[in-house]
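Shown next: start-v3.cif, containing mmCIF, C-alpha atoms.
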data_run
loop_
_atom_site.label_atom_id
_atom_site.label_comp_id
_atom_site.auth_asym_id
_atom_site.auth_seq_id
_atom_site.Cartn_x
_atom_site.Cartn_y
_atom_site.Cartn_z
CA MET S 1 8.37 -10.31 2.56
CA SER S 2 10.18 -7.24 3.87
CA ARG S 3 8.42 -3.92 4.31
CA PHE S 4 10.40 -2.55 1.37
CA SER S 5 9.32 -5.41 -0.88
CA ARG S 6 5.62 -5.02 -0.06
CA THR S 7 5.64 -1.25 -0.43
CA ALA S 8 7.69 -1.11 -3.63
CA LEU S 9 5.81 -3.94 -5.28
CA ALA S 10 2.41 -2.45 -4.42
CA ALA S 11 3.42 0.98 -5.72
CA LEU S 12 4.82 -0.33 -8.98
CA ILE S 13 1.94 -2.69 -9.73
CA GLY S 14 -0.56 0.00 -8.76
CA ALA S 15 1.00 2.41 -11.25
CA CYS S 16 0.86 -0.24 -13.97
CA LEU S 17 -2.75 -1.25 -13.41
CA ALA S 18 -4.06 2.28 -13.02
CA SER S 19 -4.50 2.63 -16.80
CA PRO S 20 -6.62 0.07 -18.67
CA VAL S 21 -5.54 1.10 -22.18
CA LEU S 22 -3.27 -1.31 -24.08
CA ALA S 23 -0.81 0.15 -26.56
CA ALA S 24 2.58 -0.44 -28.15
CA ASP S 25 5.67 0.00 -26.01
CA ALA S 26 7.38 2.47 -28.37
CA PRO S 27 9.09 5.86 -28.09
CA ALA S 28 6.86 8.92 -28.35
CA ARG S 29 7.34 12.67 -28.50
CA SER S 30 4.62 15.20 -27.80
CA GLY S 31 6.58 18.37 -28.44
CA ALA S 32 6.95 18.96 -24.70
CA LEU S 33 10.74 18.91 -25.14
CA PRO S 34 12.67 21.14 -27.56
CA ASP S 35 14.17 19.64 -30.72
CA GLY S 36 17.56 18.15 -29.97
CA VAL S 37 16.65 16.93 -26.47
CA ASP S 38 15.67 13.32 -25.78
CA LEU S 39 14.70 12.36 -22.25
CA THR S 40 14.47 8.90 -20.70
CA LEU S 41 13.07 8.38 -17.21
CA ASP S 42 12.64 4.77 -16.10
CA VAL S 43 11.59 3.03 -12.89
CA VAL S 44 12.41 -0.69 -12.81
CA GLY S 45 11.50 -2.95 -9.89
CA ASN S 46 12.42 -6.58 -9.21
CA VAL S 47 10.87 -8.88 -6.62
CA ALA S 48 12.19 -12.44 -6.23
CA SER S 49 11.25 -15.31 -3.92
CA ASN S 50 12.70 -18.81 -3.55
CA PRO S 51 9.94 -21.17 -2.36
CA SER S 52 12.42 -24.05 -2.44
CA GLY S 53 16.19 -24.46 -2.32
CA GLY S 54 18.92 -22.15 -1.17
CA VAL S 55 20.24 -21.71 2.37
CA GLU S 56 16.79 -20.51 3.47
CA GLN S 57 13.55 -19.38 1.86
CA GLY S 58 12.43 -15.79 1.59
CA THR S 59 11.58 -12.80 -0.60
CA GLU S 60 13.63 -9.73 -1.47
CA GLY S 61 12.98 -6.67 -3.61
CA SER S 62 15.16 -4.10 -5.36
CA TYR S 63 14.66 -1.26 -7.81
CA TRP S 64 16.33 1.55 -9.67
CA VAL S 65 15.33 4.93 -11.06
CA MET S 66 17.27 6.01 -14.14
CA ALA S 67 17.21 9.41 -15.86
CA GLN S 68 19.05 10.06 -19.11
CA SER S 69 19.21 13.09 -21.37
CA ARG S 70 20.74 13.23 -24.83
CA PHE S 71 21.46 16.65 -26.30
CA ASP S 72 21.98 17.06 -30.05
CA LEU S 73 24.30 20.08 -30.18
CA ASP S 74 23.64 20.55 -33.90
CA ALA S 75 19.90 21.10 -33.35
CA LEU S 76 20.49 23.15 -30.20
CA PHE S 77 23.56 25.26 -31.02
CA GLY S 78 24.67 24.40 -34.55
CA VAL S 79 27.64 22.27 -33.49
CA ARG S 80 27.48 19.66 -36.23
CA ASN S 81 27.51 15.89 -35.58
CA THR S 82 28.08 16.30 -31.84
CA ASP S 83 25.96 15.15 -28.90
CA VAL S 84 26.16 15.05 -25.12
CA ASP S 85 24.84 12.11 -23.09
CA ALA S 86 24.13 12.47 -19.35
CA GLN S 87 22.76 9.64 -17.21
CA TRP S 88 21.97 9.32 -13.52
CA ALA S 89 20.58 6.39 -11.51
CA TRP S 90 19.41 5.66 -7.98
CA PHE S 91 19.34 2.16 -6.46
CA ALA S 92 17.79 0.51 -3.40
CA GLY S 93 16.85 -2.93 -2.12
CA ARG S 94 18.25 -6.33 -1.16
CA ASN S 95 19.56 -9.31 -3.08
CA LEU S 96 17.76 -12.67 -2.81
CA ALA S 97 20.75 -14.61 -4.15
CA ARG S 98 23.12 -13.18 -1.55
CA GLU S 99 20.72 -12.99 1.40
CA LYS S 100 18.71 -16.23 1.07
CA ILE S 101 20.33 -18.57 -1.45
CA GLY S 102 24.00 -17.84 -0.72
CA ASN S 103 25.24 -17.65 -4.29
CA SER S 104 26.98 -14.85 -6.15
CA ILE S 105 24.87 -14.54 -9.33
CA SER S 106 21.94 -12.25 -8.61
CA ALA S 107 18.42 -13.12 -9.78
CA GLN S 108 17.63 -9.37 -9.79
CA GLN S 109 19.13 -7.12 -12.44
CA THR S 110 18.20 -4.00 -10.44
CA TRP S 111 20.28 -4.90 -7.39
CA ARG S 112 23.69 -3.26 -6.89
CA PRO S 113 26.13 -3.64 -3.97
CA VAL S 114 26.16 0.12 -3.34
CA ALA S 115 22.77 1.76 -2.88
CA GLY S 116 21.90 5.40 -3.49
CA GLY S 117 22.37 7.83 -6.35
CA ARG S 118 25.17 7.83 -8.90
CA LEU S 119 26.19 9.73 -12.03
CA THR S 120 26.58 6.84 -14.46
CA ARG S 121 27.54 8.62 -17.67
CA LEU S 122 28.61 12.04 -18.90
CA THR S 123 30.06 11.91 -22.41
CA VAL S 124 30.58 13.97 -25.54
CA ARG S 125 30.52 12.22 -28.92
CA HIS S 126 31.59 13.63 -32.26
CA ARG S 127 30.83 11.83 -35.54
CA PHE S 128 33.07 12.51 -38.52
CA GLN S 129 31.90 12.25 -42.13
CA ASN S 130 33.91 9.12 -42.91
CA GLY S 131 32.21 6.80 -40.40
CA LEU S 132 34.61 7.56 -37.55
CA SER S 133 33.30 8.71 -34.16
CA ILE S 134 35.00 9.61 -30.88
CA THR S 135 33.35 9.45 -27.44
CA ALA S 136 35.03 10.88 -24.35
CA GLY S 137 34.05 11.51 -20.75
CA ARG S 138 32.75 9.37 -17.89
CA ALA S 139 31.30 6.02 -18.98
CA PRO S 140 30.95 2.34 -18.05
CA VAL S 141 32.51 -0.30 -20.31
CA ASN S 142 29.33 -2.38 -20.59
CA SER S 143 27.32 0.43 -22.18
CA TYR S 144 29.47 0.13 -25.32
CA PHE S 145 30.96 -3.37 -25.47
CA ASN S 146 29.35 -6.84 -25.43
CA THR S 147 25.82 -5.43 -25.38
CA SER S 148 22.50 -6.53 -26.86
CA ALA S 149 18.89 -5.46 -26.46
CA LEU S 150 17.99 -9.14 -25.99
CA ASN S 151 20.05 -9.41 -22.79
CA CYS S 152 17.49 -7.56 -20.72
CA VAL S 153 14.37 -9.33 -21.86
CA PHE S 154 15.20 -11.21 -18.64
CA MET S 155 15.55 -10.45 -14.92
CA SER S 156 18.55 -12.60 -13.99
CA ASN S 157 21.92 -10.90 -13.72
CA ALA S 158 23.46 -13.97 -15.34
CA ILE S 159 22.73 -12.25 -18.65
CA CYS S 160 21.23 -8.81 -17.96
CA LEU S 161 22.90 -6.31 -18.32
CA THR S 162 26.19 -8.01 -19.24
CA PRO S 163 26.69 -11.77 -19.70
CA TYR S 164 28.33 -13.11 -16.55
CA GLY S 165 32.09 -13.41 -16.13
CA ALA S 166 33.75 -10.20 -17.27
CA ILE S 167 32.65 -8.06 -14.33
CA THR S 168 33.76 -10.67 -11.78
CA ASP S 169 37.04 -11.55 -13.53
CA LEU S 170 38.23 -8.29 -15.05
CA GLY S 171 36.42 -5.69 -12.97
CA ILE S 172 34.96 -3.98 -16.02
CA THR S 173 33.02 -0.88 -15.07
CA ALA S 174 29.34 -1.72 -15.41
CA PHE S 175 26.22 0.40 -15.04
CA PRO S 176 25.94 2.32 -12.74
CA ASN S 177 29.70 2.63 -12.19
CA SER S 178 31.80 4.75 -14.54
CA SER S 179 35.31 6.12 -14.99
CA TRP S 180 37.25 8.33 -17.38
CA ALA S 181 36.95 6.84 -20.84
CA GLY S 182 37.80 7.35 -24.49
CA ILE S 183 36.15 5.27 -27.23
CA LEU S 184 37.02 5.23 -30.93
CA ARG S 185 34.54 3.62 -33.36
CA TYR S 186 34.68 3.18 -37.12
CA ASP S 187 31.56 2.15 -39.05
CA VAL S 188 32.88 0.58 -42.24
CA ASP S 189 29.37 0.65 -43.74
CA ASP S 190 25.80 0.19 -42.46
CA ARG S 191 26.67 -3.35 -41.28
CA TRP S 192 30.34 -3.72 -40.29
CA TYR S 193 32.11 -1.80 -37.53
CA VAL S 194 35.17 -1.94 -35.26
CA GLN S 195 35.72 -0.09 -32.00
CA GLY S 196 38.19 0.21 -29.15
CA GLY S 197 38.15 1.97 -25.81
CA ALA S 198 40.42 2.81 -22.87
CA PHE S 199 38.98 3.19 -19.37
CA ASP S 200 40.63 4.23 -16.13
CA TYR S 201 40.50 1.36 -13.62
CA ASN S 202 39.96 2.73 -10.13
CA ASN S 203 37.90 0.42 -7.94
CA GLU S 204 37.73 3.07 -5.21
CA LEU S 205 35.25 4.99 -7.37
CA ASN S 206 32.68 2.22 -6.93
CA LYS S 207 32.50 2.54 -3.15
CA ALA S 208 29.76 4.18 -1.12
CA GLY S 209 29.93 7.96 -0.90
CA LYS S 210 31.56 8.47 -4.30
CA ASN S 211 28.25 8.80 -6.19
CA GLY S 212 30.06 8.92 -9.54
CA LEU S 213 31.21 12.45 -8.76
CA ASP S 214 34.88 11.79 -8.02
CA PHE S 215 36.54 13.16 -11.17
CA SER S 216 40.11 12.69 -9.93
CA VAL S 217 42.76 11.76 -12.51
CA GLY S 218 45.77 9.46 -12.18
CA GLU S 219 44.67 7.68 -9.00
CA GLY S 220 43.63 4.36 -10.56
CA THR S 221 45.56 1.10 -10.31
CA GLY S 222 45.42 0.22 -14.00
CA THR S 223 43.94 0.77 -17.42
CA LEU S 224 41.12 -1.32 -18.81
CA THR S 225 41.01 -1.59 -22.59
CA ALA S 226 38.29 -3.17 -24.72
CA TYR S 227 38.19 -4.04 -28.42
CA GLU S 228 35.28 -5.26 -30.54
CA ALA S 229 34.43 -6.06 -34.14
CA GLY S 230 30.84 -6.59 -35.21
CA TYR S 231 28.32 -7.14 -37.96
CA GLN S 232 24.77 -5.94 -37.39
CA THR S 233 21.65 -5.40 -39.45
CA SER S 234 18.16 -4.09 -38.81
CA VAL S 235 14.69 -4.34 -40.35
CA ALA S 236 15.72 -1.46 -42.62
CA ASN S 237 18.31 -3.56 -44.49
CA ASP S 238 17.63 -7.20 -43.62
CA ARG S 239 14.55 -9.42 -43.69
CA LEU S 240 15.98 -11.40 -40.74
CA PRO S 241 18.05 -8.94 -38.67
CA ARG S 242 21.16 -10.27 -36.97
CA THR S 243 24.05 -9.15 -34.79
CA TYR S 244 27.42 -10.84 -34.36
CA ARG S 245 30.14 -9.47 -32.12
CA VAL S 246 33.55 -10.67 -30.97
CA GLY S 247 35.80 -8.81 -28.58
CA MET S 248 38.29 -8.85 -25.75
CA TYR S 249 39.06 -7.01 -22.52
CA ARG S 250 42.43 -6.39 -20.90
CA ASN S 251 43.01 -4.94 -17.43
CA SER S 252 46.59 -3.98 -16.58
CA ASP S 253 45.66 -4.35 -12.89
CA GLY S 254 46.41 -8.03 -12.26
CA GLY S 255 43.65 -8.52 -9.68
CA LYS S 256 43.66 -10.88 -6.70
CA SER S 257 44.22 -14.61 -6.53
CA SER S 258 41.11 -16.67 -5.89
CA TYR S 259 43.06 -19.04 -3.61
CA PHE S 260 46.54 -18.01 -2.41
CA ASP S 261 47.48 -15.57 0.33
CA ALA S 262 50.64 -13.44 0.15
CA ASN S 263 52.71 -16.30 1.65
CA GLY S 264 51.55 -18.84 -0.91
CA GLY S 265 49.18 -20.62 1.46
CA SER S 266 45.46 -21.27 1.25
CA ALA S 267 43.79 -17.98 2.17
CA ALA S 268 40.66 -19.91 3.22
CA LEU S 269 42.66 -21.91 5.78
CA THR S 270 44.99 -19.15 7.02
CA GLY S 271 42.30 -16.46 7.15
CA ARG S 272 44.63 -14.00 5.42
CA PRO S 273 43.53 -11.88 2.43
CA THR S 274 44.11 -13.31 -1.01
CA ALA S 275 47.27 -12.05 -2.71
CA MET S 276 47.58 -9.46 -5.45
CA GLN S 277 48.74 -10.86 -8.78
CA GLU S 278 51.27 -9.47 -11.24
CA GLY S 279 50.60 -9.40 -14.96
CA ALA S 280 47.25 -8.60 -16.56
CA ARG S 281 43.71 -9.88 -16.64
CA THR S 282 42.42 -10.76 -20.09
CA GLY S 283 39.17 -12.22 -21.38
CA TRP S 284 37.48 -12.83 -24.73
CA TYR S 285 33.79 -12.82 -25.59
CA ALA S 286 31.51 -13.60 -28.51
CA MET S 287 27.80 -13.08 -29.00
CA ALA S 288 25.24 -13.74 -31.71
CA ASP S 289 21.62 -12.64 -32.17
CA GLN S 290 19.76 -14.10 -35.14
CA THR S 291 16.16 -13.51 -36.14
CA VAL S 292 14.88 -16.77 -37.60
CA TRP S 293 11.27 -15.77 -38.30
CA ARG S 294 9.37 -12.54 -38.93
CA GLY S 295 5.65 -12.01 -39.18
CA GLN S 296 3.55 -8.90 -39.46
CA GLY S 297 4.66 -5.81 -37.56
CA LYS S 298 7.11 -6.62 -34.79
CA ARG S 299 6.18 -10.29 -34.52
CA SER S 300 9.39 -12.31 -34.69
CA LEU S 301 11.46 -15.12 -33.23
CA ALA S 302 15.13 -14.56 -32.43
CA VAL S 303 17.69 -16.99 -31.06
CA PHE S 304 20.92 -15.97 -29.34
CA ALA S 305 24.16 -17.27 -27.88
CA ARG S 306 26.76 -15.78 -25.53
CA ALA S 307 30.27 -16.95 -24.59
CA TYR S 308 33.11 -15.66 -22.40
CA VAL S 309 36.49 -17.20 -21.60
CA ASN S 310 39.22 -16.01 -19.24
CA THR S 311 42.67 -16.11 -20.88
CA GLY S 312 44.78 -13.95 -18.55
CA ASN S 313 45.54 -14.10 -14.84
CA GLU S 314 43.66 -16.64 -12.77
CA ALA S 315 40.19 -15.35 -11.89
CA PRO S 316 37.02 -16.78 -10.28
CA VAL S 317 35.30 -17.67 -13.59
CA ASP S 318 37.00 -19.72 -16.32
CA GLN S 319 34.14 -19.79 -18.80
CA PHE S 320 30.55 -18.68 -19.28
CA ALA S 321 28.08 -19.70 -21.99
CA ALA S 322 24.38 -19.07 -22.58
CA VAL S 323 21.80 -19.81 -25.27
CA GLY S 324 18.17 -18.76 -25.56
CA PHE S 325 15.33 -17.35 -27.60
CA VAL S 326 12.99 -14.35 -27.60
CA LYS S 327 9.54 -14.59 -29.22
CA THR S 328 7.98 -11.17 -29.83
CA GLY S 329 4.23 -11.38 -30.39
CA THR S 330 2.57 -14.19 -28.49
CA PHE S 331 -1.21 -14.56 -28.48
CA VAL S 332 -3.78 -12.92 -30.78
CA GLY S 333 -3.69 -9.18 -30.18
CA ARG S 334 -0.52 -9.40 -28.08
CA ASP S 335 2.00 -8.29 -30.72
CA GLN S 336 4.14 -6.37 -28.18
CA ASP S 337 4.38 -9.17 -25.61
CA THR S 338 7.44 -11.40 -25.38
CA LEU S 339 8.08 -14.99 -24.37
CA ALA S 340 11.74 -15.64 -23.66
CA MET S 341 14.03 -18.26 -22.19
CA PHE S 342 17.76 -18.73 -21.62
CA VAL S 343 20.00 -21.37 -20.08
CA SER S 344 23.52 -20.51 -18.91
CA ASN S 345 26.50 -22.31 -17.46
CA THR S 346 29.13 -20.57 -15.33
CA HIS S 347 32.29 -22.65 -14.89
CA PHE S 348 34.35 -21.57 -11.88
CA SER S 349 38.14 -21.89 -11.84
CA ASP S 350 39.99 -24.66 -10.02
CA GLU S 351 41.42 -22.08 -7.60
CA GLN S 352 37.99 -20.65 -6.76
CA ILE S 353 36.60 -24.12 -6.11
CA ALA S 354 39.66 -25.00 -4.02
CA PHE S 355 39.12 -21.86 -1.93
CA LEU S 356 35.48 -22.81 -1.31
CA ARG S 357 36.54 -26.39 -0.48
CA ASP S 358 39.10 -25.22 2.08
CA ARG S 359 36.67 -22.74 3.60
CA ARG S 360 34.14 -25.55 3.98
CA ALA S 361 36.77 -27.76 5.63
CA ARG S 362 37.72 -24.96 8.02
CA ASN S 363 34.08 -24.89 9.17
CA GLY S 364 33.92 -28.63 9.70
CA GLY S 365 32.62 -29.81 6.33
CA SER S 366 34.17 -31.85 3.55
CA GLY S 367 34.18 -32.02 -0.23
CA ALA S 368 33.91 -29.19 -2.75
CA PRO S 369 31.00 -27.48 -4.49
CA ASN S 370 30.34 -28.24 -8.15
CA ALA S 371 32.37 -26.07 -10.53
CA ASP S 372 29.42 -25.58 -12.91
CA GLU S 373 26.49 -23.36 -11.89
CA ILE S 374 23.58 -23.68 -14.31
CA ILE S 375 20.85 -21.03 -14.41
CA ALA S 376 17.68 -21.01 -16.49
CA GLU S 377 14.96 -18.38 -16.79
CA LEU S 378 11.57 -18.41 -18.49
CA SER S 379 9.92 -14.99 -18.68
CA TYR S 380 6.80 -13.44 -20.16
CA GLY S 381 6.83 -9.72 -20.95
CA TRP S 382 3.30 -8.30 -20.81
CA ALA S 383 2.97 -4.89 -22.47
CA VAL S 384 0.25 -3.50 -20.22
CA HIS S 385 0.33 0.01 -21.68
CA LYS S 386 2.69 2.12 -23.73
CA GLY S 387 5.61 2.58 -21.37
CA ILE S 388 4.54 -0.10 -18.88
CA ARG S 389 5.61 -3.74 -18.91
CA LEU S 390 5.17 -6.55 -16.37
CA MET S 391 7.54 -9.51 -16.55
CA PRO S 392 6.67 -12.53 -14.39
CA ASN S 393 9.46 -15.11 -14.55
CA LEU S 394 10.66 -18.43 -13.24
CA GLN S 395 14.33 -19.06 -12.59
CA TYR S 396 16.06 -22.27 -11.59
CA VAL S 397 19.58 -22.46 -10.19
CA ILE S 398 21.43 -25.79 -10.30
CA ASN S 399 24.54 -26.08 -8.07
CA PRO S 400 24.30 -22.62 -6.44
CA ASP S 401 27.79 -21.43 -5.56
CA PRO S 402 28.30 -20.80 -1.82
CA ILE S 403 30.39 -17.64 -2.20
CA TYR S 404 28.01 -15.70 0.08
CA ALA S 405 27.39 -18.60 2.45
CA PRO S 406 30.78 -18.59 4.23
CA THR S 407 29.85 -21.04 7.01
CA ARG S 408 28.11 -23.56 4.75
CA THR S 409 29.47 -27.10 5.21
CA THR S 410 27.35 -28.91 2.57
CA ASP S 411 26.16 -28.20 -0.94
CA ILE S 412 23.37 -25.63 -1.26
CA PRO S 413 20.14 -27.22 -2.60
CA ASP S 414 19.08 -26.24 -6.11
CA ALA S 415 16.83 -23.17 -5.96
CA LEU S 416 13.54 -22.35 -7.66
CA ILE S 417 12.97 -18.61 -7.95
CA VAL S 418 9.65 -16.93 -8.69
CA GLY S 419 10.18 -13.37 -9.87
CA LEU S 420 8.37 -10.27 -11.08
CA ARG S 421 9.96 -7.41 -12.94
CA VAL S 422 8.06 -4.14 -13.49
CA ASP S 423 9.29 -1.57 -16.02
CA VAL S 424 7.76 1.91 -16.16
CA HIS S 425 9.14 4.15 -18.93
CA LEU S 426 7.76 7.51 -17.93
CA ALA S 427 8.88 9.37 -21.08
CA GLN S 428 6.85 6.95 -23.20
CA LEU S 429 3.95 6.89 -20.77
CA PHE S 430 3.50 10.66 -20.83
CA GLY S 431 4.69 11.26 -24.40
CA TRP S 432 7.68 13.45 -23.54
#

Would you encode the structure as structure tokens?
Amino acid sequence: MSRFSRTALAALIGACLASPVLAADAPARSGALPDGVDLTLDVVGNVASNPSGGVEQGTEGSYWVMAQSRFDLDALFGVRNTDVDAQWAWFAGRNLAREKIGNSISAQQTWRPVAGGRLTRLTVRHRFQNGLSITAGRAPVNSYFNTSALNCVFMSNAICLTPYGAITDLGITAFPNSSWAGILRYDVDDRWYVQGGAFDYNNELNKAGKNGLDFSVGEGTGTLTAYEAGYQTSVANDRLPRTYRVGMYRNSDGGKSSYFDANGGSAALTGRPTAMQEGARTGWYAMADQTVWRGQGKRSLAVFARAYVNTGNEAPVDQFAAVGFVKTGTFVGRDQDTLAMFVSNTHFSDEQIAFLRDRRARNGGSGAPNADEIIAELSYGWAVHKGIRLMPNLQYVINPDPIYAPTRTTDIPDALIVGLRVDVHLAQLFGW
């Protein structure tokens, strides 16, 4: 284990075990903040190890610190139905999937390619009396579209924060990256809604040194639009709450081919960069969360399903699907704990597999990797204290893709991953 992994893990676990009191993991306010100000301050750490499988065995750790403030301008200044949302995050660590296994789907939801601090959101929202609301400012697509609280009862990036596929294929801005955005939402009633958003697509903003503070306008290479219709209920209006969403993304930037270079040859064999594509990138998604049982308090059982399909320009992923369950309330006296599991399948495109086949041949190998990468996770969320949760988990990767193992000449062995996620919600812990 690296020095970072040992130090970060010890610090996070030490903070969690320092208090022996067990309590519900729920929001709390002590009056320390003025009315109209809500503060979130989270530290989330992931440690993952692959005792078997992958290119080699090892352990890696990553973590983020996230601070978010919401300001109700009505309570603060009398500006009715208007709020400001500001969010900042800081990231560090290494990626087990990339460094040890060789595949592209991270087992750690806290890992990001660019480390350091970043302004992730700065928006103003105004709600009209007729159910219409407008949000404008700097925002990531995945904070508003194709989201569910159930996604991050897990540690794998196959499903947390956004189900896999759309980020890789369409380049949707995802936490912590953001761009100029405008979002229009109409709540038909307390169940049905529709929304649409337009986001500047400028991949340069995601690079190191930008820190989310480049507010330039008109320098992007396209416009990313998202549309969604949904039906959602809660315990306030439904015995068995449910959420159903269907939506689509479109990026006017056509992206890069997964296989061809600019001369029409195999980029893996020629060594040239893959070619830019004309046209647009488009993808559709659907998701469903359904509570199938409710007991006393928060005890419940929910099942869920996720699906994504690429329908525009060729992209690395053709399809993604996942199913799973979340059981809230496990053993006697453990009403806040969760037991959860999902299984997903990522189907890579013919061009992506052909690229990996040719790259393998160029290095002296033969054959092609399997086009279907299957990932499963079983996790237990232990509510140690109000604001503190430990999540040991087991993940298993069948047919790991070799995208980050460029010299690999044979298939990567299936990988078993033992993980630990630690969530510390400081605002809840200290009653802010």

For this session: State, in Å with one decimal place, the distance from atom CA of S:Leu240 to atom CA of S:Thr291.
Result: 5.1 Å

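For S:Gly102, the residues within 8 Å (counting all atoms listed in the file, excluding itself and residues fewer than 2 positions away along the chain) are Gly54, Val55, Ala97, Arg98, Glu99, Lys100, Ser104, Pro400, Asp401, Pro402, Ile403, Tyr404, Ala405 and Ile412 of chain S.
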
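Summary of the local environment: counting all atoms listed in the file, residues at most 8 Å from stretch 121-124 of chain S, other than itself and those fewer than 4 positions away along its chain, are S:Thr82, S:Asp83, S:Val84, S:Asp85, S:Ala86, S:Gln87, S:Trp88, S:Thr135, S:Ala136, S:Gly137, S:Arg138, S:Ala139, S:Pro140, S:Ser178.
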
For this session: To verify the selection step, state as JSON, numbers by chain which residues the PyMOL selection byres ((chain S and resi 175) around 12) yields on this input.
Result: {"S": [64, 66, 87, 88, 89, 90, 91, 109, 110, 111, 112, 113, 114, 118, 119, 120, 121, 138, 139, 140, 141, 142, 143, 144, 147, 160, 161, 162, 167, 172, 173, 174, 176, 177, 178, 179, 206, 212]}

Exercise. From the set S:Asn130, S:Thr346, S:Thr233, S:Asn263, which residue has the shortest atom-to-atom contact distance to S:Ile398, counting only C-alpha atoms?
Worked result: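 Among the listed residues, S:Thr346 lies closest to S:Ile398.
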